[in-house]
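Coordinates as given in start.csv (CSV, C-alpha atoms and all ligand atoms):
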chain,number,residue,atom,x,y,z
A,1,MET,CA,49.4,-6.6,23.5
A,2,TYR,CA,45.6,-6.8,22.7
A,3,GLY,CA,44.9,-10.1,24.4
A,4,TRP,CA,47.9,-12.1,23.1
A,5,ARG,CA,50.4,-13.7,25.5
A,6,ILE,CA,53.9,-12.7,24.2
A,7,PRO,CA,56.8,-15.1,24.9
A,8,PRO,CA,59.8,-13.6,26.8
A,9,PRO,CA,62.6,-12.1,24.8
A,10,LYS,CA,65.7,-14.4,24.7
A,11,THR,CA,69.0,-14.9,23.0
A,12,PRO,CA,68.4,-16.7,19.7
A,13,CYS,CA,70.0,-20.2,19.4
A,14,LYS,CA,68.2,-22.0,16.6
A,15,SER,CA,70.1,-23.0,13.5
A,16,LEU,CA,69.2,-22.3,9.9
A,17,ALA,CA,68.4,-26.0,9.5
A,18,GLU,CA,66.0,-25.9,12.4
A,19,PHE,CA,64.2,-22.8,10.9
A,20,ALA,CA,64.0,-24.5,7.5
A,21,GLN,CA,62.3,-27.6,9.2
A,22,GLU,CA,59.9,-25.3,11.2
A,23,ARG,CA,59.0,-23.4,8.0
A,24,SER,CA,58.2,-26.6,6.1
A,25,ASP,CA,56.2,-28.0,9.1
A,26,LYS,CA,54.3,-24.8,9.3
A,27,VAL,CA,53.3,-24.9,5.6
A,28,ASN,CA,52.1,-28.5,6.1
A,29,TRP,CA,50.1,-27.5,9.1
A,30,LEU,CA,48.5,-24.6,7.2
A,31,ILE,CA,47.5,-27.0,4.4
A,32,GLU,CA,46.0,-29.4,7.0
A,33,GLN,CA,44.1,-26.6,8.6
A,34,GLY,CA,42.6,-25.7,5.2
A,35,LEU,CA,44.1,-22.3,5.3
A,36,LEU,CA,46.6,-22.7,2.5
A,37,LYS,CA,45.5,-23.8,-1.0
A,38,SER,CA,47.3,-21.7,-3.6
A,39,GLU,CA,50.5,-23.2,-4.9
A,40,ARG,CA,52.1,-19.7,-5.3
A,41,ILE,CA,51.3,-18.7,-1.8
A,42,LYS,CA,52.7,-22.1,-0.6
A,43,GLN,CA,55.9,-21.6,-2.5
A,44,ALA,CA,56.3,-18.1,-1.2
A,45,LEU,CA,55.8,-19.3,2.4
A,46,LEU,CA,58.4,-22.0,1.9
A,47,LYS,CA,60.9,-19.5,0.4
A,48,VAL,CA,60.8,-16.4,2.6
A,49,PRO,CA,62.8,-16.8,5.8
A,50,ARG,CA,60.4,-15.4,8.4
A,51,GLU,CA,63.0,-15.6,11.1
A,52,ASP,CA,65.0,-12.8,9.2
A,53,PHE,CA,62.1,-10.4,9.7
A,54,LEU,CA,62.0,-10.8,13.5
A,55,PRO,CA,63.8,-8.7,16.1
A,56,LEU,CA,66.8,-10.8,17.4
A,57,GLN,CA,65.3,-11.3,20.8
A,58,TYR,CA,62.1,-12.9,19.2
A,59,ARG,CA,63.8,-14.7,16.3
A,60,ASP,CA,63.5,-18.2,17.8
A,61,TYR,CA,59.7,-17.8,18.0
A,62,ALA,CA,59.4,-17.1,14.2
A,63,TYR,CA,57.0,-20.0,13.5
A,64,GLU,CA,54.9,-19.8,16.7
A,65,GLU,CA,51.3,-18.7,16.3
A,66,VAL,CA,51.7,-15.4,18.1
A,67,PRO,CA,52.1,-11.8,17.0
A,68,LEU,CA,55.5,-10.5,18.1
A,69,PRO,CA,56.5,-6.9,19.0
A,70,LEU,CA,58.5,-4.7,16.5
A,71,PRO,CA,60.1,-1.3,16.9
A,72,GLY,CA,57.5,1.4,16.8
A,73,GLU,CA,54.1,2.3,18.4
A,74,ASP,CA,51.7,-0.7,18.3
A,75,ALA,CA,53.7,-2.5,15.6
A,76,THR,CA,53.7,-6.3,15.4
A,77,ILE,CA,54.6,-9.0,13.0
A,78,SER,CA,51.4,-11.0,12.6
A,79,CYS,CA,51.0,-14.7,13.3
A,80,PRO,CA,52.3,-17.0,10.6
A,81,HIS,CA,48.7,-18.2,9.7
A,82,SER,CA,47.6,-14.6,9.0
A,83,TYR,CA,49.3,-14.4,5.6
A,84,PRO,CA,47.3,-17.2,3.9
A,85,LEU,CA,44.3,-16.1,6.0
A,86,PHE,CA,44.4,-12.7,4.2
A,87,TYR,CA,46.0,-13.7,0.8
A,88,GLU,CA,43.8,-16.7,0.0
A,89,PRO,CA,40.4,-14.9,0.1
A,90,LEU,CA,42.1,-12.0,-1.7
A,91,GLY,CA,43.0,-14.5,-4.5
A,92,LEU,CA,46.5,-12.9,-4.5
A,93,ASP,CA,48.2,-14.1,-7.7
A,94,GLN,CA,50.8,-13.6,-10.4
A,95,GLY,CA,50.9,-10.3,-12.2
A,96,GLN,CA,48.6,-8.4,-9.8
A,97,ARG,CA,49.1,-4.8,-8.5
A,98,PHE,CA,49.1,-5.2,-4.7
A,99,LEU,CA,48.9,-2.6,-1.9
A,100,GLU,CA,49.6,-3.4,1.7
A,101,VAL,CA,48.5,-1.0,4.4
A,102,GLY,CA,50.6,-1.8,7.5
A,103,LEU,CA,54.1,-2.8,6.4
A,104,GLY,CA,55.1,-3.9,10.0
A,105,SER,CA,58.1,-6.2,9.7
A,106,GLY,CA,58.1,-6.4,5.9
A,107,TYR,CA,57.5,-10.2,5.9
A,108,GLY,CA,54.0,-9.9,4.4
A,109,THR,CA,55.5,-7.6,1.7
A,110,ALA,CA,58.1,-10.2,0.8
A,111,ILE,CA,55.5,-13.0,0.6
A,112,ALA,CA,53.4,-10.8,-1.7
A,113,ARG,CA,56.4,-10.0,-3.8
A,114,GLU,CA,57.0,-13.7,-4.4
A,115,VAL,CA,53.3,-14.3,-5.2
A,116,VAL,CA,52.8,-11.5,-7.7
A,117,GLY,CA,56.1,-12.2,-9.4
A,118,ALA,CA,58.2,-10.0,-11.6
A,119,LYS,CA,55.2,-8.7,-13.7
A,120,GLY,CA,53.3,-7.7,-10.6
A,121,LEU,CA,53.7,-4.6,-8.3
A,122,VAL,CA,53.9,-4.5,-4.5
A,123,VAL,CA,53.4,-1.2,-2.7
A,124,ALA,CA,53.5,-1.2,1.2
A,125,VAL,CA,52.7,1.8,3.4
A,126,GLU,CA,53.6,2.2,7.1
A,127,ILE,CA,52.7,5.1,9.3
A,128,ASP,CA,55.3,4.7,12.0
A,129,PRO,CA,58.7,5.9,11.0
A,130,ARG,CA,60.6,3.5,13.3
A,131,THR,CA,58.7,0.5,12.0
A,132,PHE,CA,59.2,1.8,8.5
A,133,ALA,CA,63.0,2.0,8.9
A,134,TYR,CA,63.0,-1.5,10.5
A,135,ALA,CA,61.1,-3.1,7.7
A,136,LYS,CA,63.1,-1.3,5.0
A,137,ASP,CA,66.3,-2.7,6.5
A,138,LYS,CA,64.9,-6.2,6.8
A,139,LEU,CA,63.6,-6.2,3.1
A,140,THR,CA,67.0,-4.9,1.9
A,141,LEU,CA,68.9,-7.5,3.9
A,142,THR,CA,66.7,-10.3,2.5
A,143,GLY,CA,67.0,-9.0,-1.1
A,144,TYR,CA,63.4,-7.7,-1.5
A,145,THR,CA,64.4,-4.3,-3.0
A,146,ASP,CA,61.9,-4.4,-5.9
A,147,VAL,CA,59.0,-3.2,-3.7
A,148,VAL,CA,57.7,0.4,-3.3
A,149,LEU,CA,57.8,1.4,0.4
A,150,VAL,CA,56.0,4.5,1.6
A,151,ASN,CA,56.2,6.1,5.1
A,152,ALA,CA,52.8,7.7,5.3
A,153,ASP,CA,49.1,7.2,6.4
A,154,GLY,CA,48.0,4.1,4.5
A,155,GLY,CA,44.4,4.9,5.2
A,156,LEU,CA,44.8,7.3,2.3
A,157,GLY,CA,46.2,4.6,0.1
A,158,TYR,CA,48.9,5.5,-2.4
A,159,SER,CA,47.1,7.2,-5.3
A,160,GLU,CA,50.4,7.6,-7.3
A,161,LEU,CA,50.4,4.0,-8.3
A,162,ALA,CA,46.7,3.2,-8.2
A,163,PRO,CA,44.6,1.3,-9.2
A,164,TYR,CA,45.4,-1.9,-7.3
A,165,ASP,CA,43.9,-5.4,-8.0
A,166,ARG,CA,44.3,-6.4,-4.4
A,167,ILE,CA,44.6,-4.4,-1.1
A,168,SER,CA,45.3,-5.8,2.3
A,169,VAL,CA,45.0,-3.8,5.5
A,170,THR,CA,46.7,-5.4,8.5
A,171,ALA,CA,45.3,-3.0,11.2
A,172,ALA,CA,41.7,-2.9,12.5
A,173,CYS,CA,39.5,0.0,11.3
A,174,SER,CA,35.9,0.9,12.1
A,175,GLU,CA,35.1,1.0,8.3
A,176,PHE,CA,36.9,0.5,5.1
A,177,PRO,CA,38.9,3.7,4.4
A,178,PRO,CA,37.1,5.3,1.4
A,179,PRO,CA,40.3,6.1,-0.5
A,180,LEU,CA,41.2,2.4,-0.5
A,181,ILE,CA,37.9,1.5,-2.2
A,182,GLU,CA,38.5,4.4,-4.7
A,183,GLN,CA,41.9,3.1,-5.5
A,184,LEU,CA,40.7,-0.5,-6.1
A,185,ALA,CA,40.6,-1.6,-9.8
A,186,PRO,CA,37.2,-2.9,-11.2
A,187,SER,CA,36.6,-6.4,-9.8
A,188,GLY,CA,39.4,-5.7,-7.3
A,189,ARG,CA,39.4,-7.1,-3.8
A,190,LEU,CA,40.2,-5.5,-0.4
A,191,ILE,CA,40.5,-7.3,2.9
A,192,ALA,CA,40.7,-5.7,6.4
A,193,PRO,CA,39.8,-6.4,10.0
A,194,ILE,CA,36.7,-4.3,10.8
A,195,THR,CA,35.8,-3.5,14.4
A,196,ARG,CA,32.2,-4.4,15.4
A,197,ASP,CA,31.5,-3.4,19.1
A,198,SER,CA,34.3,-5.1,21.0
A,199,THR,CA,35.2,-7.7,18.3
A,200,GLN,CA,36.9,-7.6,14.9
A,201,ASP,CA,35.7,-9.4,11.8
A,202,LEU,CA,38.1,-10.0,8.9
A,203,ILE,CA,36.0,-8.8,5.9
A,204,LEU,CA,36.6,-9.2,2.2
A,205,LEU,CA,35.2,-6.5,-0.1
A,206,GLU,CA,34.9,-7.0,-3.8
A,207,LYS,CA,34.3,-4.1,-6.3
A,208,THR,CA,31.5,-5.1,-8.6
A,209,ALA,CA,29.9,-3.4,-11.7
A,210,THR,CA,27.1,-2.1,-9.4
A,211,GLY,CA,29.0,-1.3,-6.2
A,212,VAL,CA,30.7,-3.5,-3.6
A,213,ARG,CA,30.0,-7.0,-2.2
A,214,GLN,CA,31.2,-7.9,1.3
A,215,GLN,CA,31.9,-11.3,3.0
A,216,VAL,CA,32.9,-12.0,6.6
A,217,ILE,CA,35.8,-14.4,6.7
A,218,CYS,CA,36.3,-14.9,10.5
A,219,GLU,CA,36.9,-13.2,13.8
A,220,VAL,CA,40.4,-11.7,14.2
A,221,LEU,CA,42.5,-9.6,16.7
A,222,TYR,CA,44.6,-6.8,15.2
A,223,VAL,CA,46.3,-3.6,16.4
A,224,PRO,CA,44.2,-0.5,15.6
A,225,LEU,CA,44.6,1.5,12.4
A,226,GLN,CA,46.2,4.9,13.1
A,227,GLY,CA,45.9,8.1,11.1
A,228,ILE,CA,42.9,9.9,9.6
A,229,TYR,CA,40.7,6.7,9.4
A,230,GLY,CA,41.9,5.4,12.7
A,231,GLU,CA,39.6,4.1,15.4
B,1,LIG,C1,49.8,-6.1,12.5
B,1,LIG,S1,51.0,-5.0,12.0
B,1,LIG,C2,51.5,-5.4,10.4
B,1,LIG,C3,52.1,-6.8,10.2
B,1,LIG,C4,52.8,-6.9,8.8
B,1,LIG,N1,51.8,-7.1,7.8
B,1,LIG,C5,53.8,-7.9,8.9
B,1,LIG,O1,53.9,-8.8,8.0
B,1,LIG,O2,54.7,-7.8,9.7
B,1,LIG,C6,50.1,-3.5,11.7
B,1,LIG,C7,50.9,-2.4,11.2
B,1,LIG,O3,50.1,-1.4,10.7
B,1,LIG,C8,50.7,-0.1,10.9
B,1,LIG,N2,49.7,0.9,10.8
B,1,LIG,C9,48.7,1.3,11.6
B,1,LIG,N3,48.0,2.3,11.1
B,1,LIG,C10,48.5,2.5,9.9
B,1,LIG,C11,48.2,3.5,8.8
B,1,LIG,N4,47.1,4.3,9.0
B,1,LIG,N5,48.9,3.5,7.7
B,1,LIG,C12,50.0,2.6,7.6
B,1,LIG,N6,50.3,1.7,8.5
B,1,LIG,C13,49.6,1.7,9.7
B,1,LIG,C14,51.3,-0.3,12.3
B,1,LIG,O4,52.2,0.7,12.6
B,1,LIG,C15,51.8,-1.7,12.2
B,1,LIG,O5,53.1,-1.7,11.8
Just give me the structure as structure tokens.
Ligand SMILES: C[S@@+](CC[C@H](N)C(=O)[O-])C[C@H]1O[C@@H](n2cnc3c(N)ncnc32)[C@H](O)[C@@H]1O
Amino acid sequence: MYGWRIPPPKTPCKSLAEFAQERSDKVNWLIEQGLLKSERIKQALLKVPREDFLPLQYRDYAYEEVPLPLPGEDATISCPHSYPLFYEPLGLDQGQRFLEVGLGSGYGTAIAREVVGAKGLVVAVEIDPRTFAYAKDKLTLTGYTDVVLVNADGGLGYSELAPYDRISVTAACSEFPPPLIEQLAPSGRLIAPITRDSTQDLILLEKTATGVRQQVICEVLYVPLQGIYGE
């Protein structure tokens, strides 16, 4: 799977206490690495049980720094560090309207729901029907039912609930899909892995009064965006 070494499927045996310890250790590690700064993102990462978003045969690997396969074509749950990696530069915060393109497991959606809080909005779009059904089930089981889930091509955004203060794309594209820029609120931010030759850069785009400003965050490795703006 795109250069990652995936651990073998196995019968899960870790206890809830072990997962809670691993979750807390992971948050401390993310802070030490300088990836996690926001208190709201920290509290969300401490609260959401990542293991509940994993397929059973990969559950015990929930806090390992590796993307793991999900039902569907090219679908993965991203590495644990990916969430602060995307959400910190976005400045994801309370009360914002957030659009996620690439629902995957639903874990990033649950984290965002915690961060934006009751006054914010979370919309997540997934193109693959099997992945969509999986994530919807996981979000229901974990109690995250106050999110808008859409089974469609997220490259087109979701104009029905636009504009969005923050947009996160968790699949690699050759350029920012124009509908996403259009659906971004004034001063809004959009983050996505953008393919450059054979590598991908995580790029933050900010809508300014005169146009857009872009900043490269770091190199990343994501599954390709599908659909009309796919690679
Ligand atoms: C890296 S995974 C997402 C990880 C996810 N954020 C999580 O927390 O589990 C990328 C996802 O993007 C989805 N995807 C790819 N192209 C898409 C598109 N055009 N619209 C919506 N989803 C898309 C894939 O099916 C896959 O589920």
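Taking CA of Pro224 in chain A as the reference point, CA of Pro12 in chain A is found at 29.4 Å.
Of the residues under consideration (A:Ile203, A:Ala112, A:Leu54, A:Leu30), A:Leu54 shows the shortest atom-to-atom contact distance to Tyr134 in chain A when counting all atoms listed in the file.
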Practice task
Would you please work out which residue, of A:Val147, A:Leu161, A:Ala135, A:Ile167, is nearest to ligand LIG 1 (chain B) when using only C-alpha atoms and all ligand atoms?
Solution key: A:Ala135
Problem - Environment of ligand LIG 1 (chain B) within 8 Å, counting all atoms listed in the file, reported as a VMD selection string - result: chain A and resid 53 67 70 72 to 78 83 100 to 109 125 to 128 131 to 132 151 to 156 169 to 171 222 to 230
Practice task
Work out how far apart CA of Gln200 in chain A and CA of Glu219 in chain A are and give it in Å to one decimal.
Solution key: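 That distance, rounded to one decimal, is 5.7 Å.
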Handout entry: Coordinates-based distance that separates CA of Arg5 in chain A from CA of Thr195 in chain A (Å, one decimal)
Key =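 One can read the CA of Thr195 in chain A to CA of Arg5 in chain A distance as 21.0 Å.
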Practice task
Skip Gln33 in chain A itself and residues of its chain fewer than 6 positions away, then list as a PyMOL selection string all residues within 12 Å of it, counting all atoms listed in the file.
Solution key: chain A and resi 26-27+81+84-85
Practice task
Go through A:Asp25, A:Asp201, A:Glu65, A:Glu114 and flag the residue nearest Val48 in chain A, using only C-alpha atoms for the distances.
Solution key: A:Glu114
Exercise for the section: Find the residue from A:Ala62, A:Leu139, A:Ile191, A:Leu92 that sits nearest to Lys37 in chain A; use all atoms listed in the file when measuring. Expected result: A:Leu92
Practice task
For Phe176 in chain A, please output as a list in words all residues within 8 Å (counting only C-alpha atoms; exclusion window: fewer than 3 positions along the same chain).
Solution key: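 Listing them by chain and then by number gives Cys173, Leu180, Ile181, Ala192 and Ile194 of chain A.
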Problem - Among listed residues A:Pro71, A:Pro7, A:Ser24, A:Leu202, nearest Arg130 in chain A (using only C-alpha atoms) - result: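 Among the listed residues, A:Pro71 lies closest to Arg130 in chain A.
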